[in-house]
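Asks: First, the structure itself, so that you have it in front of you.
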Amino acid sequence: MTYTDTFYTKRVGVDLTEPSRLIRVGIADKNPLIQAGLRQLLGEDSRFEPVVTCADSESFLEAVETIAMDVAITGWVMPGGGGKYILDHLIGRDAAPRVVIYTGAEGEAVAAQVMAHGGAGYISKSEPLPRLLDTIAAVADGQMVFPYLDVRRIHDNPLTGLTRRELEVLSGLANGRSNKQIAHEQDVSLNTVKFHVKNLYSKLGVHNRAQAVALYLKS
């Protein structure tokens, strides 16, 4: 997979405590027009430095391995699994960017999923662009930015009881990966993947892959 542009900053000697440093932002969206628009919008604001633009979830996760960024602004529905897939694979990762989901998929249910999966912010594409920029800045400053949500819906989400590795395995299952492929991608043994699959089935109260994936997709 390839990035849609080549300008980015390597994760080498980055001083994240420097007060005057620009906020480095990674962009992931399936729409090339949205990608270009966000890159231009961020580039014209003195607070931000756009560092990479990706068209799918896998490319973005590859970028996180080598590119220093403070905040990621990503879509919710994208090739390779979308925003949920990105969030599940960033849980617990060292130096991972905080994620703002910028999406046309509106509603409290989507915002609740973003929060439950570890997102730092959610904003609809129908909101004014200055609000998007202020959201990114607030998230970079350590805040969480969401519309009003019934937090009971977050705690009722069965996925919140899964470990980081179990979420990654479940996300892989939801994207059509076999146990062998998941083991290769995560650099673990096949038996380890089977162990995680068994555990997540038990925690979710399901009996097979189809049931687990169905629960994942609606949670």
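Numbering starts fresh at 1 for the residues of each chain in the structure tokens, the chains themselves are lettered A, B, ... in the order given, and ligands are numbered from 1 as they appear.
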Give me, as a list in words, all polymer residues having an atom no more than 8 Å from stretch 203-214 of chain A, counting only C-alpha atoms and skipping those fewer than 3 positions away in the same chain.
Replies: Pro158, Leu159, Gly161, Leu162, Leu170, Leu173, Ala174, Asn199, Leu200, Leu217 and Lys218 of chain A
Asks: Got time to write the residues from that selection, C-alpha atoms, as an mmCIF file, in the first residue's frame?
Replies:
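Now in again07.cif:
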```cif
data_model
loop_
_atom_site.group_PDB
_atom_site.id
_atom_site.type_symbol
_atom_site.label_atom_id
_atom_site.label_comp_id
_atom_site.auth_asym_id
_atom_site.auth_seq_id
_atom_site.Cartn_x
_atom_site.Cartn_y
_atom_site.Cartn_z
ATOM 1 C CA PRO A 158 -19.210 -5.562 25.299
ATOM 2 C CA LEU A 159 -15.986 -4.709 23.493
ATOM 3 C CA GLY A 161 -13.942 -5.783 28.278
ATOM 4 C CA LEU A 162 -11.478 -7.007 25.650
ATOM 5 C CA LEU A 170 -11.238 -9.335 16.483
ATOM 6 C CA LEU A 173 -11.400 -11.315 11.903
ATOM 7 C CA ALA A 174 -13.861 -8.583 10.940
ATOM 8 C CA ASN A 199 -10.909 -15.746 25.056
ATOM 9 C CA LEU A 200 -12.753 -13.094 23.087
ATOM 10 C CA LEU A 217 -19.673 -4.387 13.482
ATOM 11 C CA LYS A 218 -22.687 -3.178 15.435
#
```
Asks: I need the alpha helix (DSSP H) residues of stretch 97-163 of chain A per DSSP on the backbone, written as a list in words.
Replies: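 Here are the alpha helix (DSSP H) residues of stretch 97-163 of chain A: Glu108, Ala109, Val110, Ala111, Ala112, Gln113, Val114, Met115, Ala116, Leu129, Pro130, Arg131, Leu132, Leu133, Asp134, Thr135, Ile136, Ala137, Ala138, Val139, Ala140, Val151, Arg152, Arg153, Ile154 and His155 of chain A.
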Asks: Which is closer to A:Ala138 than all the others in A:Asp70, A:Asp56, A:Glu44, A:Asp88, using only C-alpha atoms?
Replies: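 Using only C-alpha atoms, the shortest distance to A:Ala138 belongs to A:Asp70.
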Asks: Counting only C-alpha atoms, what is within 6 Å of stretch 144-146 of chain A, bar same-chain residues fewer than 4 positions away, as an mmCIF file with C-alpha atoms, in the first residue's frame?
Replies:
```
data_model
loop_
_atom_site.group_PDB
_atom_site.id
_atom_site.type_symbol
_atom_site.label_atom_id
_atom_site.label_comp_id
_atom_site.auth_asym_id
_atom_site.auth_seq_id
_atom_site.Cartn_x
_atom_site.Cartn_y
_atom_site.Cartn_z
ATOM 1 C CA ALA A 120 -10.199 11.351 21.449
ATOM 2 C CA GLY A 121 -12.700 13.264 19.364
ATOM 3 C CA TYR A 122 -15.603 13.003 16.969
ATOM 4 C CA VAL A 139 -7.312 17.064 21.257
#
```
